[in-house]
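Colleague: Below is my_file-v7.cif; it holds mmCIF, C-alpha atoms.
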```cif
data_start
#
loop_
_atom_site.label_atom_id
_atom_site.label_comp_id
_atom_site.auth_asym_id
_atom_site.auth_seq_id
_atom_site.Cartn_x
_atom_site.Cartn_y
_atom_site.Cartn_z
CA MET U 765 233.25 36.90 161.42
CA ILE U 766 230.53 34.35 160.67
CA ALA U 767 230.77 32.52 157.35
CA ASP U 768 227.77 32.65 155.05
CA GLU U 769 225.21 29.86 155.01
CA ALA U 770 226.48 28.21 151.81
CA THR U 771 230.05 28.13 153.13
CA LEU U 772 228.92 26.65 156.45
CA ALA U 773 226.91 23.94 154.69
CA ARG U 774 229.94 23.11 152.53
CA LEU U 775 232.22 22.94 155.60
CA ALA U 776 229.76 20.63 157.36
CA ALA U 777 229.52 18.34 154.34
CA LEU U 778 233.33 18.16 154.20
CA ALA U 779 233.45 17.49 157.96
CA GLN U 780 231.08 14.56 157.51
CA ARG U 781 233.63 13.12 155.09
CA GLY U 782 236.38 13.48 157.71
CA ASP U 783 238.01 16.78 156.62
CA ARG U 784 239.53 18.06 159.90
CA GLN U 785 240.43 21.52 158.62
CA ALA U 786 236.87 22.11 157.45
CA TYR U 787 235.56 20.73 160.74
CA ALA U 788 237.72 23.11 162.80
CA ALA U 789 236.44 26.06 160.74
CA MET U 790 232.87 24.83 161.08
CA LEU U 791 233.12 24.40 164.87
CA GLY U 792 234.65 27.87 165.19
CA ALA U 793 231.77 29.40 163.24
CA CYS U 794 229.24 27.36 165.22
CA ARG U 795 230.79 28.56 168.47
CA SER U 796 230.45 32.23 167.42
CA TRP U 797 226.83 31.67 166.42
CA LEU U 798 226.03 29.82 169.65
CA LEU U 799 227.57 32.56 171.81
CA ARG U 800 225.23 35.08 170.19
CA TYR U 801 222.28 32.69 170.39
CA TYR U 802 222.62 31.95 174.12
CA ARG U 803 223.50 35.53 175.01
CA ARG U 804 219.91 36.47 174.30
CA LYS U 805 218.54 33.65 176.43
CA VAL U 806 220.68 32.79 179.45
CA HIS U 807 222.69 34.35 182.20
CA PRO U 808 226.32 35.08 181.19
CA GLU U 809 227.61 32.48 183.71
CA ALA U 810 225.76 29.68 181.93
CA ILE U 811 226.70 30.61 178.37
CA GLU U 812 230.10 28.91 178.07
CA ASP U 813 228.86 25.60 179.55
CA LEU U 814 225.89 25.56 177.22
CA VAL U 815 227.99 26.44 174.18
CA GLN U 816 230.40 23.60 174.97
CA ASP U 817 227.58 21.12 175.64
CA THR U 818 226.06 22.08 172.32
CA LEU U 819 229.38 21.68 170.49
CA LEU U 820 229.70 18.18 172.00
CA SER U 821 226.20 17.38 170.73
CA VAL U 822 227.12 18.75 167.31
CA HIS U 823 230.11 16.40 167.35
CA ARG U 824 228.12 13.33 168.48
CA LYS U 825 225.21 14.00 166.12
CA LEU U 826 227.11 15.15 163.04
CA ALA U 827 225.47 12.40 160.97
CA SER U 828 222.04 13.95 161.65
CA TYR U 829 222.94 17.00 159.53
CA ASP U 830 221.46 16.76 156.05
CA PRO U 831 223.97 18.32 153.60
CA ALA U 832 221.08 19.25 151.30
CA ARG U 833 219.70 21.61 153.96
CA PRO U 834 221.21 24.81 155.42
CA LEU U 835 223.37 24.36 158.54
CA ILE U 836 222.04 27.10 160.82
CA PRO U 837 218.50 25.66 161.25
CA TRP U 838 220.14 22.34 162.24
CA LEU U 839 222.49 24.06 164.69
CA ALA U 840 219.57 26.10 166.08
CA ALA U 841 217.54 22.93 166.64
CA ILE U 842 220.41 21.34 168.57
CA ALA U 843 221.00 24.53 170.57
CA ARG U 844 217.29 24.76 171.44
CA TYR U 845 217.24 21.11 172.55
CA ARG U 846 220.29 21.59 174.78
CA PHE U 847 218.82 24.77 176.27
CA VAL U 848 215.48 23.16 177.11
CA ASP U 849 217.27 20.06 178.44
CA HIS U 850 219.50 22.26 180.59
CA LEU U 851 216.47 23.91 182.19
CA ARG U 852 214.65 20.58 182.61
CA ILE U 853 217.58 18.83 184.32
CA ALA U 854 218.40 21.73 186.60
CA TYR U 855 214.82 22.12 187.81
CA ARG U 856 214.30 18.40 188.26
CA ALA U 857 217.45 18.14 190.34
CA ALA U 858 216.37 21.07 192.49
CA ALA U 859 212.82 19.73 192.85
CA ASP U 860 213.80 16.14 193.69
CA GLY U 861 216.05 17.16 196.54
CA VAL U 862 217.44 13.61 196.61
CA LEU U 863 221.13 14.15 196.25
CA ASP U 864 224.01 11.83 196.83
CA ASP U 865 226.81 13.86 198.34
CA ASP U 866 227.87 17.37 199.20
CA GLU U 867 229.65 17.95 195.93
CA THR U 868 226.54 17.04 193.95
CA ILE U 869 224.43 19.25 196.18
CA VAL U 870 226.64 22.25 195.53
CA GLU U 871 226.83 21.57 191.80
CA ASP U 872 223.07 21.01 191.38
CA ALA U 873 222.19 24.01 193.50
CA GLU U 874 224.50 26.08 191.30
CA GLN U 875 222.81 24.69 188.18
CA ALA U 876 219.39 25.48 189.60
CA VAL U 877 220.43 29.05 190.34
CA ILE U 878 221.81 29.47 186.82
CA ALA U 879 218.65 27.98 185.34
CA ARG U 880 216.61 30.35 187.47
CA LEU U 881 218.70 33.25 186.21
CA SER U 882 218.12 31.98 182.66
CA LEU U 883 214.39 32.03 183.26
CA ASP U 884 214.60 35.49 184.78
CA ARG U 885 216.27 36.63 181.58
CA LEU U 886 213.35 35.21 179.61
CA PHE U 887 210.81 36.66 182.03
CA GLU U 888 212.13 40.14 181.24
CA ALA U 889 210.41 39.82 177.87
CA LEU U 890 206.99 39.14 179.48
CA PRO U 891 204.48 41.64 180.86
CA GLN U 892 204.61 41.80 184.66
CA ALA U 893 201.14 40.25 185.12
CA GLN U 894 201.98 37.18 183.00
CA CYS U 895 205.35 36.75 184.65
CA ARG U 896 203.82 36.90 188.16
CA ALA U 897 201.05 34.43 187.29
CA ILE U 898 203.50 31.88 185.89
CA GLU U 899 205.87 32.30 188.79
CA LEU U 900 203.21 31.81 191.46
CA VAL U 901 201.34 28.88 189.88
CA ARG U 902 203.89 27.01 187.77
CA ILE U 903 207.03 27.58 189.82
CA GLU U 904 205.92 28.17 193.42
CA GLY U 905 203.00 25.71 193.12
CA LEU U 906 200.16 27.96 194.33
CA SER U 907 196.60 27.15 193.25
CA ILE U 908 194.83 29.43 190.77
CA SER U 909 192.64 30.89 193.52
CA GLU U 910 195.63 31.54 195.80
CA ALA U 911 197.47 33.23 192.92
CA ALA U 912 194.37 35.30 192.14
CA GLU U 913 194.19 36.44 195.74
CA SER U 914 197.89 37.24 195.89
CA THR U 915 197.97 39.25 192.65
CA GLY U 916 194.55 40.85 192.76
CA GLN U 917 193.75 39.35 189.34
CA SER U 918 190.56 37.38 188.76
CA GLU U 919 190.97 33.59 188.50
CA SER U 920 190.17 33.60 184.80
CA LEU U 921 192.72 36.39 184.23
CA VAL U 922 195.39 34.36 186.04
CA LYS U 923 194.65 31.40 183.72
CA VAL U 924 194.75 33.63 180.63
CA ASN U 925 198.02 35.22 181.77
CA ILE U 926 199.63 31.80 182.37
CA HIS U 927 198.48 30.57 178.97
CA ARG U 928 199.66 33.68 177.09
CA GLY U 929 202.90 33.92 179.05
CA LEU U 930 203.85 30.27 178.46
CA LYS U 931 203.04 30.64 174.78
CA ARG U 932 205.28 33.67 174.58
CA LEU U 933 208.07 31.92 176.53
CA ALA U 934 207.88 28.96 174.16
CA ALA U 935 208.18 31.30 171.20
CA LEU U 936 211.20 33.00 172.80
CA ILE U 937 212.91 29.66 173.44
CA GLU U 938 212.19 28.42 169.94
CA ARG U 939 213.28 31.57 168.15
CA ALA U 940 216.41 30.68 166.19
CA MET W 664 233.14 24.01 184.81
CA ALA W 665 233.76 24.66 181.11
CA ASP W 666 237.00 23.66 179.38
CA ASP W 667 239.16 26.06 177.44
CA PRO W 668 237.13 26.60 174.21
CA ASP W 669 240.14 26.15 171.92
CA ASP W 670 241.12 22.91 173.69
CA LEU W 671 237.61 21.55 173.31
CA ILE W 672 237.50 22.32 169.59
CA ALA W 673 240.98 20.81 169.13
CA ARG W 674 239.86 17.61 170.91
CA LEU W 675 236.70 17.35 168.84
CA VAL W 676 238.63 17.89 165.62
CA ALA W 677 241.18 15.21 166.62
CA ASP W 678 238.29 12.82 167.34
CA LEU W 679 236.58 13.40 163.97
CA ARG W 680 235.73 10.28 161.97
CA PRO W 681 233.89 10.25 158.64
CA VAL W 682 230.16 9.74 159.14
CA ALA W 683 227.46 8.84 156.65
CA PRO W 684 224.63 11.40 156.81
CA LEU W 685 221.29 9.90 157.83
CA ARG W 686 219.13 9.61 154.73
CA GLN W 687 215.36 9.67 154.75
CA ARG W 688 215.12 6.78 152.32
CA ASP W 689 217.25 4.53 154.57
CA GLY W 690 215.09 5.23 157.60
CA MET W 691 211.91 4.71 155.61
CA GLY W 692 213.36 1.51 154.14
CA LEU W 693 213.88 0.22 157.67
CA ALA W 694 210.34 1.15 158.72
CA VAL W 695 208.78 -0.42 155.61
CA LEU W 696 210.85 -3.57 156.15
CA ALA W 697 209.54 -3.87 159.72
CA LEU W 698 205.97 -3.30 158.52
CA ALA W 699 206.32 -5.92 155.78
CA LEU W 700 207.91 -8.38 158.22
CA GLY W 701 204.92 -7.95 160.55
CA ALA W 702 202.48 -8.60 157.69
CA VAL W 703 204.40 -11.70 156.60
CA LEU W 704 204.53 -13.00 160.18
CA VAL W 705 200.77 -12.56 160.65
CA ALA W 706 199.95 -14.11 157.27
CA GLY W 707 202.40 -16.96 157.87
CA ALA W 708 201.33 -17.75 161.43
CA LEU W 709 197.57 -17.10 161.23
CA GLY W 710 196.77 -17.17 157.52
CA LEU W 711 194.93 -14.62 155.37
CA ARG W 712 191.24 -13.71 155.45
CA HIS W 713 189.05 -15.95 153.29
CA ASP W 714 187.93 -13.10 151.04
CA LEU W 715 191.56 -12.11 150.43
CA MET W 716 192.44 -15.73 149.63
CA ALA W 717 189.51 -15.84 147.23
CA GLY W 718 190.67 -12.62 145.55
CA ARG W 719 187.41 -10.78 146.42
CA PRO W 720 188.30 -8.56 149.40
CA ASP W 721 185.56 -6.91 151.42
CA PRO W 722 185.45 -3.19 150.42
CA LEU W 723 185.21 -1.89 154.00
CA VAL W 724 188.11 -4.03 155.21
CA LEU W 725 190.16 -3.04 152.18
CA THR W 726 189.47 0.69 152.71
CA ALA W 727 190.23 0.51 156.42
CA ALA W 728 193.44 -1.46 155.89
CA GLY W 729 194.48 1.07 153.24
CA LEU W 730 193.86 3.97 155.62
CA PHE W 731 195.92 2.33 158.36
CA LEU W 732 198.71 1.58 155.88
CA VAL W 733 198.83 5.21 154.72
CA LEU W 734 198.73 6.42 158.33
CA ALA W 735 201.61 4.07 159.22
CA LEU W 736 203.70 5.34 156.30
CA ALA W 737 202.89 9.03 156.87
CA SER W 738 203.66 8.96 160.60
CA ALA W 739 206.77 6.80 160.05
CA TRP W 740 207.93 9.38 157.48
CA ALA W 741 207.51 12.20 160.00
CA ALA W 742 209.25 10.18 162.74
CA VAL W 743 212.17 9.25 160.47
CA ASP W 744 212.58 12.89 159.43
CA MET W 745 212.74 13.94 163.08
CA ALA W 746 216.13 12.23 163.32
CA ARG W 747 217.48 15.15 161.26
CA PRO W 748 216.51 18.23 163.27
CA ALA W 749 216.08 21.69 161.79
CA VAL W 750 214.25 24.71 163.09
CA GLY W 751 211.41 25.82 160.84
CA ILE W 752 210.62 22.47 159.24
CA ARG W 753 206.95 21.45 159.38
CA ARG W 754 206.10 17.77 159.70
CA ASP W 755 202.34 17.92 160.10
CA GLY W 756 201.27 16.00 156.99
CA TRP W 757 200.70 12.86 159.07
CA GLY W 758 198.04 14.72 161.06
CA TRP W 759 195.78 14.95 158.03
CA THR W 760 196.18 11.22 157.45
CA ALA W 761 195.32 10.58 161.11
CA LEU W 762 192.23 12.73 160.66
CA MET W 763 191.24 10.64 157.65
CA ALA W 764 191.69 7.42 159.63
CA ALA W 765 189.62 8.95 162.45
CA VAL W 766 186.64 8.64 160.09
CA LEU W 767 186.55 4.94 161.06
CA PRO W 768 185.92 5.38 164.81
CA GLY W 769 183.66 8.32 163.92
CA ALA W 770 181.57 6.08 161.70
CA ALA W 771 181.48 3.38 164.40
CA LEU W 772 180.21 5.92 166.93
CA ALA W 773 177.59 7.14 164.47
CA VAL W 774 176.39 3.58 163.88
CA MET W 775 176.20 2.92 167.62
CA ALA W 776 174.28 6.18 168.14
CA THR W 777 171.77 5.51 165.37
CA ASP W 778 171.29 1.93 166.56
CA ALA W 779 170.67 3.18 170.07
CA LEU W 780 168.18 5.78 168.81
CA ALA W 781 166.38 3.06 166.89
CA GLY W 782 166.04 1.10 170.13
CA GLN W 783 168.53 -1.57 169.10
CA PRO W 784 171.69 -0.64 170.99
CA ALA W 785 174.73 -2.54 169.75
CA GLY W 786 178.34 -2.34 170.90
CA PRO W 787 181.63 -3.59 169.55
CA ASP W 788 182.30 -7.34 169.88
CA ARG W 789 184.28 -8.38 172.94
CA GLY W 790 186.65 -10.57 170.95
CA GLY W 791 188.26 -7.44 169.56
CA TRP W 792 190.83 -7.57 172.36
CA ALA W 793 192.70 -10.16 170.29
CA CYS W 794 193.15 -7.64 167.46
CA LEU W 795 194.25 -4.94 169.88
CA VAL W 796 196.84 -7.13 171.60
CA LEU W 797 198.06 -8.79 168.40
CA GLY W 798 198.20 -5.47 166.50
CA SER W 799 200.19 -3.86 169.31
CA GLY W 800 202.57 -6.81 169.48
CA VAL W 801 203.20 -6.86 165.73
CA GLY W 802 203.53 -3.05 165.77
CA LEU W 803 206.47 -3.40 168.15
CA LEU W 804 208.59 -4.41 165.15
CA THR W 805 207.99 -1.00 163.58
CA ALA W 806 208.50 0.70 166.94
CA VAL W 807 211.89 -0.99 167.41
CA ALA W 808 212.96 -0.01 163.88
CA LEU W 809 211.97 3.64 164.39
CA VAL W 810 213.54 3.89 167.86
CA PHE W 811 216.77 2.43 166.48
CA TRP W 812 216.73 5.06 163.73
CA LEU W 813 215.82 7.96 165.98
CA ARG W 814 218.55 7.08 168.46
CA ARG W 815 221.09 7.44 165.67
CA GLY W 816 219.74 10.93 165.00
CA ALA W 817 218.84 13.92 167.14
CA PRO W 818 215.07 14.32 167.52
CA GLY W 819 214.39 17.87 168.73
CA SER W 820 211.29 16.77 170.65
CA PRO W 821 211.52 13.24 172.11
CA GLU W 822 207.88 13.52 173.22
CA ARG W 823 206.62 14.19 169.72
CA ALA W 824 208.95 11.57 168.25
CA GLY W 825 207.63 9.03 170.79
CA TRP W 826 204.04 9.85 169.89
CA LEU W 827 204.70 9.57 166.14
CA THR W 828 206.58 6.30 166.63
CA GLY W 829 203.68 4.88 168.62
CA VAL W 830 201.09 5.92 166.03
CA ALA W 831 203.19 4.48 163.19
CA ALA W 832 203.71 1.23 165.12
CA GLY W 833 200.03 0.88 165.99
CA ALA W 834 198.89 1.59 162.43
CA ALA W 835 201.49 -0.79 160.96
CA GLY W 836 200.56 -3.52 163.43
CA ILE W 837 196.82 -3.25 162.85
CA PHE W 838 197.35 -3.12 159.08
CA ALA W 839 199.13 -6.49 159.34
CA VAL W 840 196.39 -7.89 161.58
CA SER W 841 193.71 -6.68 159.10
CA LEU W 842 195.06 -9.25 156.63
CA TRP W 843 193.98 -12.01 159.02
CA CYS W 844 191.16 -10.54 161.16
CA PRO W 845 187.89 -12.31 160.18
CA HIS W 846 185.64 -9.39 161.24
CA ASP W 847 184.28 -6.97 158.67
CA SER W 848 181.90 -4.74 160.64
CA ILE W 849 182.49 -1.04 161.08
CA LEU W 850 181.91 -1.43 164.83
CA HIS W 851 184.83 -3.87 165.14
CA ILE W 852 187.18 -1.95 162.85
CA GLY W 853 186.22 1.51 164.09
CA VAL W 854 186.59 0.57 167.75
CA TRP W 855 189.23 -2.15 168.15
CA HIS W 856 191.46 -1.45 165.16
CA ALA W 857 191.40 2.30 165.74
CA ALA W 858 191.99 1.75 169.47
CA THR W 859 195.22 -0.10 168.64
CA VAL W 860 196.59 3.05 167.00
CA ALA W 861 195.44 5.25 169.88
CA VAL W 862 196.84 2.94 172.58
CA MET W 863 200.19 2.55 170.85
CA GLY W 864 200.39 6.31 170.24
CA LEU W 865 199.77 6.95 173.92
CA LEU W 866 202.29 4.30 174.99
CA GLY W 867 204.86 5.78 172.61
CA ARG W 868 204.28 9.22 174.07
CA LEU W 869 204.64 7.95 177.64
CA VAL W 870 207.41 5.38 177.33
CA LEU W 871 209.68 6.35 174.45
CA PRO W 872 210.91 9.87 175.33
CA LYS W 873 213.32 8.38 177.89
CA LEU W 874 214.86 6.23 175.17
CA LEU W 875 215.03 9.07 172.69
CA ARG W 876 216.77 11.72 174.79
CA TRP W 877 220.34 12.49 173.76
#
```
Can you dump the structure from the file as structure tokens?
Modeller:
Amino acid sequence: MIADEATLARLAALAQRGDRQAYAAMLGACRSWLLRYYRRKVHPEAIEDLVQDTLLSVHRKLASYDPARPLIPWLAAIARYRFVDHLRIAYRAAADGVLDDDETIVEDAEQAVIARLSLDRLFEALPQAQCRAIELVRIEGLSISEAAESTGQSESLVKVNIHRGLKRLAALIERA
Amino acid sequence: MADDPDDLIARLVADLRPVAPLRQRDGMGLAVLALALGAVLVAGALGLRHDLMAGRPDPLVLTAAGLFLVLALASAWAAVDMARPAVGIRRDGWGWTALMAAVLPGAALAVMATDALAGQPAGPDRGGWACLVLGSGVGLLTAVALVFWLRRGAPGSPERAGWLTGVAAGAAGIFAVSLWCPHDSILHIGVWHAATVAVMGLLGRLVLPKLLRW
């Protein structure tokens, strides 16, 4: 059961003053909220890692919570940051291809796959034409004209589909 | 690989120490202190404009300095608030102030265009580089103060926070330099002083995100 907003805000304010019991209750409630939040956005395999990363950020950045404001918008902002950061790091690692040792290669490849699965989950919410345009141009690196040829869309339609699709993806990521 | 969730929560709870919530007024106090320090440094090292010393400030210089001061405060306010993230909070008030300050380069462009149409093309003075460099240097004080504050917090968008920090730093720096700068033409102020804000904003956007990630 998730505590109501006023209770959560009170628990967080107590936690800032060092109340461990309140902090444990707050983290438990945050964890439940985060599980639901990420379930809508990422592949099941990535959820637990992201929830734990976010809880660590909550712990490190506890001072950034303003007790005069509700807690959930603060938690949602931290969760959104961690989610976007997770995608950014995974794709950069996969794109760079400069990796130190076998263990890192396996771990980064795994991250990239999970990030890809996370994106696939988001892509499900997009119309097929927008999804295809973004995939070809922004992920596979094709030019607009090559993407137009491959999809049968006009070049201007490819551009419009990328623009609308990215806007919709951003809205999905930012939705609390 | 994730830890056992209960173990993680137990470790975090055991590690809890009381923390003082970040307060907007503390962050703004820091930013204003840096801005004031810059102004005092410029006035102390280079002196004040003659019209300021005489107590009869030039109206254009006074208006422009006021606009840059308000822009510095508005963008510093937005940057400081970014240390306390929350979904759904709008921090776009500084944009209107930036638009107001953009009247200065707009007016400079209009003057240059009308001069050119009248067959007397005139450009900004070349000595304006000194204002740009000095304003950027003095603005670094504000930039350092804001980066210090933001690193204590959790800015949801390091790119936006970097941009806002740069704009605040540029506007604060050029406000301080306005107290000394001997020029009082719209071409100088609208080009070189406004360029300081734009350059610092761009630098903030390009350089600071790496420092502001958490």
Colleague: Pull the neighbourhood of (198.7, 35.9, 180.7) for me: all residues within 10 Å in file coordinates, counting only C-alpha atoms, as a list of chain:residue names.
Modeller: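 All residues meeting the 10 Å criterion around (198.7, 35.9, 180.7) are U:Leu890, U:Pro891, U:Gln892, U:Ala893, U:Gln894, U:Cys895, U:Arg896, U:Ala897, U:Ile898, U:Ser920, U:Leu921, U:Val922, U:Lys923, U:Val924, U:Asn925, U:Ile926, U:His927, U:Arg928, U:Gly929, U:Leu930, U:Lys931, U:Arg932.
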Colleague: Could you save the residues just selected, with C-alpha atoms, as a compact mmCIF listing (two decimals), keeping the file's coordinate frame?
Modeller:
```txt
# COMPACT_ATOMS: atom_id res chain seq x y z
CA LEU U 890 206.99 39.14 179.48
CA PRO U 891 204.48 41.64 180.86
CA GLN U 892 204.61 41.80 184.66
CA ALA U 893 201.14 40.25 185.12
CA GLN U 894 201.98 37.18 183.00
CA CYS U 895 205.35 36.75 184.65
CA ARG U 896 203.82 36.90 188.16
CA ALA U 897 201.05 34.43 187.29
CA ILE U 898 203.50 31.88 185.89
CA SER U 920 190.17 33.60 184.80
CA LEU U 921 192.72 36.39 184.23
CA VAL U 922 195.39 34.36 186.04
CA LYS U 923 194.65 31.40 183.72
CA VAL U 924 194.75 33.63 180.63
CA ASN U 925 198.02 35.22 181.77
CA ILE U 926 199.63 31.80 182.37
CA HIS U 927 198.48 30.57 178.97
CA ARG U 928 199.66 33.68 177.09
CA GLY U 929 202.90 33.92 179.05
CA LEU U 930 203.85 30.27 178.46
CA LYS U 931 203.04 30.64 174.78
CA ARG U 932 205.28 33.67 174.58
```
Colleague: Taking only C-alpha atoms into account, find every residue of chain W that has an atom no more than 12 Å from chain U, and write it out as an NGL selection string.
Modeller: :W and (664-687 or 690 or 743-752 or 812-821 or 876-877)
Colleague: Counting only C-alpha atoms, what is within 7 Å of segment 754-764 of chain W, bar same-chain residues fewer than 3 positions away, as a ChimeraX atom specification?
Modeller: /W:730-731,734,737-738,741,767
Colleague: Can you work out the spacing between atom CA of Leu804 of chain W and atom CA of Pro768 of chain W in Å, to one decimal?
Modeller: 24.7 Å
Colleague: Return the single residue from W:Val703, W:Arg753, W:Val854, W:Phe811 that is closest to Trp792 of chain W, with distances computed using all atoms listed in the file.
Modeller: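 The answer is W:Val854, which sits nearest to Trp792 of chain W.
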